[in-house]
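Text of protein_1.txt (compact mmCIF, C-alpha atoms and all ligand atoms) as supplied:
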# COMPACT_ATOMS: atom_id res chain seq x y z
CA MET T 275 -3.50 110.06 265.32
CA THR T 276 -0.62 108.93 267.51
CA ARG T 277 2.57 107.11 266.50
CA ALA T 278 3.63 104.58 269.09
CA ILE T 279 5.65 101.43 269.52
CA ARG T 280 3.43 98.55 270.56
CA VAL T 281 4.35 95.14 271.88
CA THR T 282 1.78 92.41 271.36
CA ARG T 283 2.03 88.90 272.78
CA ALA T 284 0.02 86.22 270.99
CA ASP T 285 -1.59 83.22 272.71
CA ASP T 286 1.28 81.00 271.48
CA GLY T 287 3.77 83.28 273.31
CA SER T 288 5.18 84.89 270.14
CA VAL T 289 5.91 88.60 270.43
CA SER T 290 5.62 91.35 267.83
CA THR T 291 7.07 94.80 268.44
CA VAL T 292 6.12 97.34 265.78
CA LEU T 293 5.83 101.06 265.18
CA GLU T 294 2.13 101.85 264.76
CA THR T 295 1.13 105.12 263.14
CA GLY T 296 -2.60 105.47 263.61
CA LEU T 297 -3.57 105.06 267.27
CA THR T 298 -6.50 107.11 268.53
CA ASP T 299 -6.66 108.75 271.96
CA ASP T 300 -9.10 106.13 273.23
CA GLN T 301 -6.52 103.42 272.45
CA LEU T 302 -4.07 105.03 274.86
CA GLY T 303 -5.86 103.88 278.02
CA ASP T 304 -7.35 105.51 281.11
CA GLY T 305 -6.02 108.62 282.82
CA ASP T 306 -7.16 112.10 283.79
CA VAL T 307 -4.30 113.87 281.96
CA LEU T 308 -3.36 113.58 278.30
CA VAL T 309 0.31 114.40 277.64
CA ASP T 310 1.90 115.28 274.30
CA ILE T 311 5.23 113.53 274.70
CA SER T 312 8.43 115.07 273.41
CA HIS T 313 10.98 112.65 274.87
CA SER T 314 11.26 109.22 276.40
CA GLY T 315 14.30 107.03 277.03
CA ILE T 316 15.68 103.51 277.00
CA ASN T 317 16.19 101.90 280.38
CA TYR T 318 17.14 98.23 280.82
CA LYS T 319 13.51 97.56 281.71
CA ASP T 320 12.39 99.12 278.42
CA GLY T 321 14.68 96.68 276.64
CA MET T 322 12.94 93.85 278.48
CA ALA T 323 9.47 95.23 277.59
CA LEU T 324 10.37 95.76 273.93
CA ALA T 325 11.49 92.10 273.83
CA GLY T 326 8.08 91.11 275.22
CA ASN T 327 9.44 89.91 278.59
CA PRO T 328 6.21 89.14 280.49
CA GLY T 329 7.82 90.19 283.79
CA VAL T 330 7.84 93.79 282.54
CA ALA T 331 5.32 93.88 279.66
CA ARG T 332 2.51 92.70 281.89
CA VAL T 333 -0.39 93.55 279.57
CA SER T 334 -0.82 93.05 275.84
CA PRO T 335 -0.84 95.07 273.70
CA LEU T 336 1.45 97.51 275.51
CA ILE T 337 3.20 100.74 274.57
CA PRO T 338 6.54 100.39 276.46
CA GLY T 339 8.46 103.31 277.97
CA ILE T 340 8.80 103.71 281.75
CA ASP T 341 9.71 107.40 281.31
CA LEU T 342 8.03 110.26 279.53
CA VAL T 343 8.49 114.01 279.33
CA GLY T 344 6.03 116.32 277.62
CA ARG T 345 3.34 118.96 277.81
CA VAL T 346 -0.20 118.58 279.14
CA ALA T 347 -2.61 118.50 276.17
CA SER T 348 -5.79 118.16 278.23
CA SER T 349 -6.57 117.62 281.89
CA THR T 350 -9.58 117.01 284.09
CA SER T 351 -7.35 117.27 287.18
CA ALA T 352 -7.33 120.51 289.17
CA ASP T 353 -3.57 120.07 289.68
CA TRP T 354 -2.46 120.29 286.06
CA SER T 355 -3.33 122.67 283.22
CA VAL T 356 -2.90 122.60 279.46
CA GLY T 357 0.68 123.54 278.58
CA ASP T 358 2.28 122.43 281.86
CA GLN T 359 5.61 120.67 281.30
CA VAL T 360 5.65 117.34 283.09
CA ILE T 361 7.64 114.18 283.77
CA VAL T 362 6.48 110.66 284.60
CA ASN T 363 8.93 107.99 285.79
CA GLY T 364 7.53 104.60 286.71
CA TRP T 365 4.15 104.24 288.41
CA GLY T 366 3.49 101.30 286.06
CA ILE T 367 3.76 103.14 282.73
CA GLY T 368 5.39 100.91 280.15
CA GLU T 369 4.60 97.87 282.32
CA THR T 370 0.97 97.58 283.38
CA ARG T 371 -0.28 100.55 281.33
CA ASN T 372 0.82 102.35 278.19
CA GLY T 373 4.05 104.30 278.46
CA GLY T 374 6.34 106.83 276.86
CA LEU T 375 7.40 105.34 273.51
CA ALA T 376 4.60 107.24 271.78
CA GLU T 377 3.59 110.74 270.77
CA ARG T 378 0.85 110.82 273.42
CA ALA T 379 0.02 109.17 276.73
CA SER T 380 -2.98 109.12 278.99
CA VAL T 381 -1.74 109.15 282.59
CA ASP T 382 -2.90 109.65 286.17
CA SER T 383 -2.40 113.17 287.48
CA SER T 384 -0.91 111.74 290.69
CA SER T 385 2.03 110.29 288.74
CA LEU T 386 3.14 113.64 287.29
CA VAL T 387 6.11 115.69 288.48
CA ALA T 388 6.63 119.24 287.17
CA LEU T 389 9.68 119.65 284.94
CA PRO T 390 12.24 121.33 287.25
CA ALA T 391 12.96 124.96 286.42
CA GLY T 392 15.95 125.32 284.12
CA MET T 393 15.90 121.68 282.99
CA SER T 394 15.13 121.00 279.32
CA PRO T 395 12.72 118.18 278.41
CA ALA T 396 15.54 116.34 276.61
CA ARG T 397 17.75 116.48 279.69
CA ALA T 398 14.91 115.36 281.96
CA ALA T 399 14.51 112.33 279.68
CA ALA T 400 18.27 111.79 279.69
CA ILE T 401 18.09 111.59 283.46
CA GLY T 402 14.96 109.41 283.35
CA THR T 403 14.36 106.48 285.65
CA ALA T 404 18.05 105.57 285.53
CA GLY T 405 19.14 108.96 286.86
CA PHE T 406 16.31 109.18 289.32
CA THR T 407 17.32 105.73 290.62
CA ALA T 408 20.96 106.80 290.84
CA ALA T 409 19.89 109.83 292.90
CA LEU T 410 17.72 107.68 295.19
CA SER T 411 20.74 105.42 295.67
CA VAL T 412 23.01 108.33 296.61
CA LEU T 413 20.39 109.64 299.06
CA ALA T 414 20.10 106.17 300.58
CA LEU T 415 23.90 105.94 301.04
CA GLU T 416 23.85 109.25 302.86
CA GLY T 417 20.82 108.19 304.89
CA ALA T 418 18.52 109.64 307.45
CA ASP T 419 20.27 112.69 308.80
CA ARG T 420 20.91 114.21 305.39
CA SER T 421 17.75 113.08 303.63
CA PRO T 422 14.98 112.51 306.13
CA ALA T 423 12.63 111.20 303.48
CA VAL T 424 14.81 108.31 302.36
CA PRO T 425 14.86 105.14 304.44
CA GLY T 426 18.01 103.13 305.14
CA SER T 427 20.74 103.53 307.68
CA GLY T 428 23.24 105.30 305.42
CA GLY T 429 25.39 107.92 307.03
CA VAL T 430 28.10 107.65 304.38
CA ARG T 431 30.04 110.88 303.89
CA PRO T 432 32.75 112.09 301.48
CA GLY T 433 36.03 111.30 303.19
CA ASP T 434 34.77 108.04 304.69
CA GLY T 435 36.47 106.04 301.94
CA ASP T 436 35.94 104.84 298.40
CA ILE T 437 32.47 104.36 296.91
CA LEU T 438 32.10 101.49 294.43
CA VAL T 439 29.68 101.90 291.51
CA THR T 440 28.97 98.71 289.55
CA GLY T 441 27.61 98.60 285.98
CA ALA T 442 29.31 101.97 285.81
CA SER T 443 29.09 102.70 282.10
CA GLY T 444 25.35 101.98 282.03
CA GLY T 445 22.57 104.48 282.68
CA VAL T 446 22.22 104.15 286.46
CA GLY T 447 25.98 103.73 286.86
CA SER T 448 27.03 106.74 284.76
CA ILE T 449 24.73 109.13 286.58
CA ALA T 450 25.67 107.67 289.98
CA VAL T 451 29.37 108.26 289.20
CA ALA T 452 28.70 111.87 288.19
CA LEU T 453 26.46 112.63 291.19
CA LEU T 454 28.83 111.09 293.72
CA ALA T 455 31.88 112.84 292.28
CA ALA T 456 30.01 116.17 292.29
CA ALA T 457 29.31 115.69 296.01
CA GLY T 458 33.00 115.08 296.76
CA TYR T 459 33.09 111.28 297.05
CA ARG T 460 36.04 109.26 295.73
CA VAL T 461 34.40 106.96 293.19
CA VAL T 462 35.71 103.62 291.93
CA ALA T 463 33.84 102.60 288.77
CA SER T 464 33.49 98.90 287.96
CA THR T 465 33.13 98.14 284.28
CA GLY T 466 33.42 95.18 281.97
CA ARG T 467 34.31 97.49 279.08
CA PRO T 468 37.85 98.89 279.43
CA GLU T 469 37.23 101.03 276.35
CA HIS T 470 34.99 103.18 278.55
CA ARG T 471 37.70 103.93 281.11
CA GLU T 472 38.39 107.48 279.84
CA TYR T 473 34.65 108.13 279.69
CA LEU T 474 34.22 107.08 283.34
CA LEU T 475 37.17 109.18 284.45
CA SER T 476 35.64 112.14 282.58
CA LEU T 477 32.43 111.69 284.61
CA GLY T 478 34.45 112.01 287.80
CA ALA T 479 35.56 108.47 288.70
CA ALA T 480 38.95 108.43 290.46
CA GLU T 481 39.74 104.98 289.06
CA THR T 482 38.14 102.04 287.29
CA VAL T 483 38.22 98.35 288.16
CA ASP T 484 37.48 95.32 285.99
CA ARG T 485 34.07 93.90 286.80
CA ALA T 486 35.54 90.39 286.57
CA GLU T 487 37.01 91.07 290.05
CA PHE T 488 33.51 90.74 291.50
CA GLU T 489 32.20 87.85 289.44
CA SER T 490 33.64 84.80 291.18
CA ALA T 491 32.60 83.49 294.56
CA GLY T 492 34.96 84.31 297.42
CA ARG T 493 34.98 84.07 301.20
CA PRO T 494 32.00 85.51 303.10
CA LEU T 495 34.17 88.36 304.40
CA LEU T 496 36.82 89.91 302.17
CA ARG T 497 39.30 92.75 302.61
CA GLN T 498 37.38 95.93 303.48
CA ARG T 499 37.48 98.31 300.52
CA TRP T 500 34.25 100.31 300.30
CA ALA T 501 32.60 102.91 302.51
CA GLY T 502 29.55 102.52 300.29
CA VAL T 503 28.41 100.74 297.16
CA ILE T 504 25.84 101.60 294.48
CA ASP T 505 25.13 98.33 292.72
CA SER T 506 23.10 98.04 289.53
CA VAL T 507 24.26 94.52 288.67
CA GLY T 508 23.02 92.12 291.37
CA GLY T 509 24.05 88.45 291.47
CA GLN T 510 27.59 87.50 292.51
CA THR T 511 28.76 91.11 291.94
CA LEU T 512 26.47 92.35 294.71
CA ALA T 513 27.53 89.52 297.01
CA THR T 514 31.24 90.29 296.52
CA ALA T 515 30.69 94.03 296.99
CA ILE T 516 28.88 93.40 300.29
CA ALA T 517 31.67 91.09 301.48
CA GLU T 518 34.18 93.92 300.74
CA THR T 519 32.21 96.71 302.44
CA ASN T 520 33.76 98.44 305.42
CA TYR T 521 32.45 98.21 308.93
CA GLY T 522 29.23 100.29 309.11
CA GLY T 523 29.09 100.82 305.35
CA THR T 524 25.95 100.90 303.22
CA VAL T 525 25.23 99.09 299.96
CA THR T 526 22.31 99.93 297.68
CA ALA T 527 20.86 97.36 295.28
CA CYS T 528 18.67 98.27 292.33
CA GLY T 529 19.53 95.99 289.42
CA LEU T 530 19.66 92.47 288.10
CA VAL T 531 21.68 92.52 284.87
CA GLY T 532 24.15 90.09 286.51
CA GLY T 533 21.46 87.82 287.96
CA VAL T 534 18.77 87.71 290.62
CA ASP T 535 20.36 85.15 292.95
CA VAL T 536 22.72 86.72 295.49
CA PRO T 537 24.95 84.12 297.17
CA LEU T 538 25.40 85.76 300.58
CA THR T 539 26.03 84.91 304.20
CA VAL T 540 24.86 86.95 307.18
CA LEU T 541 28.47 87.65 308.23
CA PRO T 542 28.88 91.11 306.62
CA PHE T 543 25.69 92.19 308.38
CA ILE T 544 26.35 90.77 311.84
CA LEU T 545 30.14 91.16 312.01
CA ARG T 546 30.56 94.42 310.10
CA GLY T 547 27.19 96.10 310.56
CA VAL T 548 26.83 96.52 306.81
CA SER T 549 23.43 97.83 305.64
CA LEU T 550 21.79 96.69 302.43
CA VAL T 551 19.18 99.10 301.08
CA GLY T 552 16.85 98.11 298.25
CA ILE T 553 15.91 100.80 295.76
CA ASN T 554 12.53 100.75 294.02
CA SER T 555 11.99 103.76 291.80
CA VAL T 556 8.64 102.61 290.41
CA GLU T 557 6.52 103.05 293.52
CA CYS T 558 8.78 105.57 295.23
CA PRO T 559 6.56 107.93 297.27
CA PRO T 560 6.41 111.65 296.45
CA ALA T 561 8.75 112.97 299.20
CA PRO T 562 11.88 110.99 298.23
CA ARG T 563 10.88 111.35 294.55
CA HIS T 564 11.06 115.13 294.90
CA ALA T 565 14.23 114.91 297.02
CA ALA T 566 15.91 112.86 294.28
CA TRP T 567 14.92 115.28 291.51
CA ALA T 568 16.06 118.21 293.65
CA ARG T 569 19.45 116.51 294.15
CA LEU T 570 19.75 115.94 290.39
CA ALA T 571 18.83 119.56 289.64
CA ARG T 572 21.40 120.71 292.23
CA ASP T 573 24.37 118.46 291.50
CA LEU T 574 24.21 116.96 288.02
CA ASP T 575 26.50 118.73 285.59
CA TYR T 576 24.46 119.12 282.40
CA GLU T 577 27.56 119.11 280.21
CA LEU T 578 28.46 115.70 281.61
CA LEU T 579 24.87 114.56 281.13
CA ASP T 580 24.98 115.65 277.48
CA ARG T 581 28.26 113.80 277.04
CA MET T 582 26.74 110.56 278.32
CA THR T 583 23.58 110.88 276.18
CA THR T 584 22.77 109.43 272.75
CA VAL T 585 19.55 110.50 271.01
CA VAL T 586 17.51 108.21 268.76
CA PRO T 587 14.17 108.76 266.97
CA LEU T 588 11.06 106.81 267.98
CA GLU T 589 11.70 104.18 265.30
CA GLY T 590 15.22 103.69 266.72
CA ALA T 591 13.88 102.59 270.12
CA ILE T 592 13.44 98.95 269.10
CA ASP T 593 17.10 98.49 268.15
CA ALA T 594 18.23 100.46 271.20
CA GLY T 595 16.14 98.17 273.41
CA ALA T 596 17.86 95.10 271.96
CA ALA T 597 21.28 96.74 272.42
CA ILE T 598 20.74 97.55 276.11
CA LEU T 599 19.90 93.88 276.78
CA ARG T 600 23.22 92.93 275.18
CA GLY T 601 24.99 95.38 277.53
CA GLU T 602 26.09 97.50 274.56
CA LEU T 603 24.68 100.94 275.35
CA ARG T 604 26.79 103.52 277.11
CA GLY T 605 25.29 106.10 279.46
CA ARG T 606 21.78 107.18 278.59
CA THR T 607 19.74 106.84 275.41
CA VAL T 608 17.00 109.43 274.85
CA VAL T 609 14.15 108.80 272.44
CA ASP T 610 13.08 111.98 270.66
CA VAL T 611 9.49 111.09 269.73
CA ARG T 612 8.64 114.30 267.88
P1 LIG T 701 22.31 99.60 281.49
O1 LIG T 701 22.31 98.45 280.56
O2 LIG T 701 22.40 100.98 280.94
O3 LIG T 701 23.50 99.43 282.55
C1 LIG T 701 23.85 98.18 283.08
C2 LIG T 701 25.35 98.06 283.06
O4 LIG T 701 25.72 96.88 283.77
C3 LIG T 701 25.96 97.87 281.67
O5 LIG T 701 26.19 99.08 281.02
C4 LIG T 701 27.23 97.14 282.00
O6 LIG T 701 28.18 98.09 282.47
C5 LIG T 701 26.84 96.26 283.16
N1 LIG T 701 26.44 94.92 282.74
C6 LIG T 701 25.67 94.57 281.69
N2 LIG T 701 25.50 93.26 281.62
C7 LIG T 701 26.17 92.75 282.67
C8 LIG T 701 26.39 91.43 283.15
N3 LIG T 701 25.86 90.38 282.53
N4 LIG T 701 27.12 91.27 284.26
C9 LIG T 701 27.66 92.33 284.89
N5 LIG T 701 27.51 93.61 284.47
C10 LIG T 701 26.77 93.80 283.38
O7 LIG T 701 20.99 99.47 282.37
P2 LIG T 701 20.33 100.55 283.39
O8 LIG T 701 21.40 101.41 283.94
O9 LIG T 701 19.14 101.14 282.77
O10 LIG T 701 19.82 99.57 284.53
C11 LIG T 701 20.73 98.85 285.32
C12 LIG T 701 19.97 97.89 286.23
O11 LIG T 701 19.23 98.62 287.19
C13 LIG T 701 18.96 97.01 285.48
O12 LIG T 701 18.92 95.73 286.08
C14 LIG T 701 17.66 97.73 285.73
O13 LIG T 701 16.56 96.86 285.64
C15 LIG T 701 17.88 98.23 287.14
N6 LIG T 701 17.06 99.37 287.49
C16 LIG T 701 16.29 99.26 288.60
C17 LIG T 701 15.52 100.28 289.02
C18 LIG T 701 14.77 100.14 290.29
O14 LIG T 701 13.88 100.97 290.56
N7 LIG T 701 15.08 99.17 291.12
C19 LIG T 701 15.39 101.51 288.23
C20 LIG T 701 16.32 101.58 287.11
C21 LIG T 701 17.10 100.51 286.75
P3 LIG T 701 29.76 97.89 282.23
O15 LIG T 701 29.92 97.53 280.80
O16 LIG T 701 30.34 99.22 282.59
O17 LIG T 701 30.20 96.79 283.16
Could you rewrite the structure in this file as structure tokens?
Amino acid sequence: MTRAIRVTRADDGSVSTVLETGLTDDQLGDGDVLVDISHSGINYKDGMALAGNPGVARVSPLIPGIDLVGRVASSTSADWSVGDQVIVNGWGIGETRNGGLAERASVDSSSLVALPAGMSPARAAAIGTAGFTAALSVLALEGADRSPAVPGSGGVRPGDGDILVTGASGGVGSIAVALLAAAGYRVVASTGRPEHREYLLSLGAAETVDRAEFESAGRPLLRQRWAGVIDSVGGQTLATAIAETNYGGTVTACGLVGGVDVPLTVLPFILRGVSLVGINSVECPPAPRHAAWARLARDLDYELLDRMTTVVPLEGAIDAGAAILRGELRGRTVVDVR
């Protein structure tokens, strides 16, 4: 029997999110590999799924959790054997099919990545989709000649100028700050929570800025400040960051916590040659997926990762999901499902 968190949406639109204790393997869904999960995590999207947001929880009932880490319990795939340690990030788990907030999951063998050598399951979950997305964003800033597998014009290098990270004390932001600093970039971390300033400096940020600086509409072109931007906020914040990006700079966009409408003009693109690169971790093909994990294994300081990680038990995932939607979590939250 499997313990799992399940979100059920009734015909009248009401949502119930509960910890179930007696699910059988055939209630987990289709897949050629059964994984005994040890760890999952809480991403912003998991908060949305746990709240029953139909844009993320697209089937009902659903076990949320867009990340899982565990060991293969059974497999009919030639690629994976019992006992293999594996990771799944995205590919629809926790959205269109059951995900990681459970003791077991039935998944497609094609969605599995081997746990990198030397990385513990807890740390792989701490990285999770947020860290993987941060790494994809860094690779996209650097662009084609450093990372052939990642699209986008990029070409940003340490020494080119400051890199802005927005939503910096969140999951994507914290790992982006640490990865960029490790690679020698000068990082400016934008946060709405000044109490996290020391934390962000400890991850490697050179300075912090108040996120309010980016939240009101300005002119289409503003003083050039950024060689590159990793944005996890969207909305007006993304628009302001683009308007402040240097000639030839690159901006990556992955998030929407600050809104989905981006009030832009074409001027930063046609007068400053700024590139805007969208990041989608969910359907990211295998080559950049592996490149991102390799970058994380190479550059992410595990002591910093541990410092930015909070661990909760499976039953704590519901409260953590509500907290991330309120913008209250710091860094990464791992769910220890054992
Ligand atoms: P977190 O909640 O951990 O981080 C978001 C951070 O943004 C917060 O910590 C906060 O940082 C800041 N923030 C929160 N609310 C607001 C607001 N209303 N206006 C401005 N800033 C705000 O979430 P994640 O890091 O997990 O995800 C961040 C975003 O990236 C989400 O939108 C998520 O859906 C998206 N995402 C997209 C992926 C993709 O593949 N495209 C993959 C992973 C995530 P601070 O207090 O420091 O300002």
Inset, instruction - Considering only C-alpha atoms, return as a ChimeraX atom specification whatever protein or nucleic-acid residues lie within 8 Å of range 357-372 of chain T, sequence-local ones (same chain, fewer than 3 positions apart) excluded. - result: /T:302-303,320,323,330-333,336-347,354,379-380,385-389,398,402-403,555-557
Suppose we keep C-alpha atoms; can you now write the selection as a CSV table (one decimal), in the frame of the given file?
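Generated file (part_19.csv):
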chain,number,residue,atom,x,y,z
T,302,LEU,CA,-4.1,105.0,274.9
T,303,GLY,CA,-5.9,103.9,278.0
T,320,ASP,CA,12.4,99.1,278.4
T,323,ALA,CA,9.5,95.2,277.6
T,330,VAL,CA,7.8,93.8,282.5
T,331,ALA,CA,5.3,93.9,279.7
T,332,ARG,CA,2.5,92.7,281.9
T,333,VAL,CA,-0.4,93.6,279.6
T,336,LEU,CA,1.4,97.5,275.5
T,337,ILE,CA,3.2,100.7,274.6
T,338,PRO,CA,6.5,100.4,276.5
T,339,GLY,CA,8.5,103.3,278.0
T,340,ILE,CA,8.8,103.7,281.8
T,341,ASP,CA,9.7,107.4,281.3
T,342,LEU,CA,8.0,110.3,279.5
T,343,VAL,CA,8.5,114.0,279.3
T,344,GLY,CA,6.0,116.3,277.6
T,345,ARG,CA,3.3,119.0,277.8
T,346,VAL,CA,-0.2,118.6,279.1
T,347,ALA,CA,-2.6,118.5,276.2
T,354,TRP,CA,-2.5,120.3,286.1
T,379,ALA,CA,0.0,109.2,276.7
T,380,SER,CA,-3.0,109.1,279.0
T,385,SER,CA,2.0,110.3,288.7
T,386,LEU,CA,3.1,113.6,287.3
T,387,VAL,CA,6.1,115.7,288.5
T,388,ALA,CA,6.6,119.2,287.2
T,389,LEU,CA,9.7,119.6,284.9
T,398,ALA,CA,14.9,115.4,282.0
T,402,GLY,CA,15.0,109.4,283.4
T,403,THR,CA,14.4,106.5,285.6
T,555,SER,CA,12.0,103.8,291.8
T,556,VAL,CA,8.6,102.6,290.4
T,557,GLU,CA,6.5,103.0,293.5
Show me a table, sorted first by chain and then by increasing residue number, of the residues of chain T having an atom at most 8 Å from ligand LIG 701 (chain T), each with its shortest atom pair and the distance in Å to one decimal, counting all atoms listed in the file and written as a tab-separated table.
residue	atom	partner	partner_atom	distance
T:Ile316	CA	T:LIG701	O9	7.1
T:Asn317	CA	T:LIG701	O9	3.9
T:Tyr318	CA	T:LIG701	O9	4.0
T:Lys319	CA	T:LIG701	O13	5.0
T:Thr403	CA	T:LIG701	C20	5.5
T:Ala404	CA	T:LIG701	C20	4.6
T:Gly405	CA	T:LIG701	C20	7.9
T:Phe406	CA	T:LIG701	C19	7.8
T:Thr407	CA	T:LIG701	C19	5.2
T:Ala408	CA	T:LIG701	C20	7.9
T:Thr440	CA	T:LIG701	O17	6.8
T:Gly441	CA	T:LIG701	O4	3.4
T:Ala442	CA	T:LIG701	O16	4.4
T:Ser443	CA	T:LIG701	O16	3.7
T:Gly444	CA	T:LIG701	O5	3.2
T:Gly445	CA	T:LIG701	O8	3.5
T:Val446	CA	T:LIG701	O8	3.8
T:Gly447	CA	T:LIG701	O8	5.9
T:Ser448	CA	T:LIG701	O8	7.8
T:Ala463	CA	T:LIG701	O16	7.9
T:Ser464	CA	T:LIG701	O17	6.2
T:Thr465	CA	T:LIG701	O17	3.4
T:Gly466	CA	T:LIG701	O17	3.8
T:Arg467	CA	T:LIG701	O15	4.7
T:His470	CA	T:LIG701	O16	7.3
T:Asp484	CA	T:LIG701	O17	7.9
T:Arg485	CA	T:LIG701	O17	6.0
T:Glu489	CA	T:LIG701	C9	7.8
T:Ser506	CA	T:LIG701	C12	4.6
T:Val507	CA	T:LIG701	N5	5.4
T:Gly508	CA	T:LIG701	O12	7.6
T:Thr511	CA	T:LIG701	C9	7.2
T:Ala527	CA	T:LIG701	N7	7.3
T:Cys528	CA	T:LIG701	N7	3.9
T:Gly529	CA	T:LIG701	O12	3.4
T:Leu530	CA	T:LIG701	O12	3.9
T:Val531	CA	T:LIG701	O12	4.4
T:Gly532	CA	T:LIG701	N4	3.9
T:Gly533	CA	T:LIG701	N3	7.4
T:Gly552	CA	T:LIG701	N7	7.4
T:Ile553	CA	T:LIG701	N7	5.0
T:Asn554	CA	T:LIG701	O14	3.7
T:Ser555	CA	T:LIG701	O14	3.6
T:Val556	CA	T:LIG701	O14	5.5
T:Ile598	CA	T:LIG701	O1	4.8
T:Leu599	CA	T:LIG701	O1	6.4
T:Arg600	CA	T:LIG701	N2	6.8
T:Gly601	CA	T:LIG701	C6	4.3
T:Glu602	CA	T:LIG701	O5	6.7
T:Leu603	CA	T:LIG701	O2	6.0
T:Arg604	CA	T:LIG701	O5	5.9
T:Gly605	CA	T:LIG701	O2	6.1
T:Arg606	CA	T:LIG701	O2	6.7
Legend entry - Contacts of Leu570 in chain T at 12 Å (only C-alpha atoms; same-chain gap of 5+ positions) as a ChimeraX atom specification: /T:390-393,397-398,400-413,449-450,452-454,456-457,563-565,575-576,579
Inset, instruction - For CA of Asp610 in chain T and CA of Glu469 in chain T, quote the distance in Å rounded to one decimal. - result: 27.1 Å
Legend entry - Selected residue, from T:Ser394, T:Thr607, T:Gln510, T:Thr539, that lies nearest to Gly321 in chain T when counting all atoms listed in the file: T:Thr607
Legend entry - Top pick for closest residue to Asn520 in chain T, considering T:Val461, T:Ala396, T:Leu438, T:Leu477 and counting all atoms listed in the file: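 For Asn520 in chain T, the nearest of the candidates is T:Leu438.
Coordinates place CA of Asp304 in chain T at a distance of 24.9 Å from CA of Ile592 in chain T.
The closest residue to Leu308 in chain T, picked from T:Glu377, T:Asp434, T:Asp593, T:Asp505 and counting all atoms listed in the file, is T:Glu377.
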Inset, instruction - Have a look at CA of Ile504 in chain T and CA of Leu475 in chain T and let me know their distance in Å, one decimal. - result: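 Computing the Euclidean distance for CA of Ile504 in chain T and CA of Leu475 in chain T yields 16.9 Å.
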Using only the atoms of range 278-288 of chain T listed in the file, plus 5 Å on each side, state the axis-aligned box centre and edge lengths in Å rounded to one decimal, as JSON.
{"center_x": 2.0, "center_y": 92.8, "center_z": 271.2, "size_x": 17.2, "size_y": 33.6, "size_z": 14.2}
Inset, instruction - Using all atoms listed in the file, find the one residue out of T:Pro587, T:Gly492, T:Gly296, T:Pro468 that sits nearest to Arg612 in chain T. - result: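 Checking each of T:Pro587, T:Gly492, T:Gly296, T:Pro468 against Arg612 in chain T, counting all atoms listed in the file, the winner is T:Pro587.
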Inset, instruction - Pick out the residues sitting within 7 Å of Gly326 in chain T, and hand them over as a list of chain:residue names; count all atoms listed in the file, and ignore anything fewer than 4 positions along from it in its own chain. - result: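 Final neighbour list, sorted by chain and number: T:Val281, T:Arg283, T:Val289, T:Met322, T:Ala331.
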Inset, instruction - Go through T:Pro562, T:Val309, T:Leu297, T:Leu324 and flag the residue nearest Ala597 in chain T, using all atoms listed in the file for the distances. - result: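 That would be T:Leu324, the residue with the smallest distance to Ala597 in chain T.
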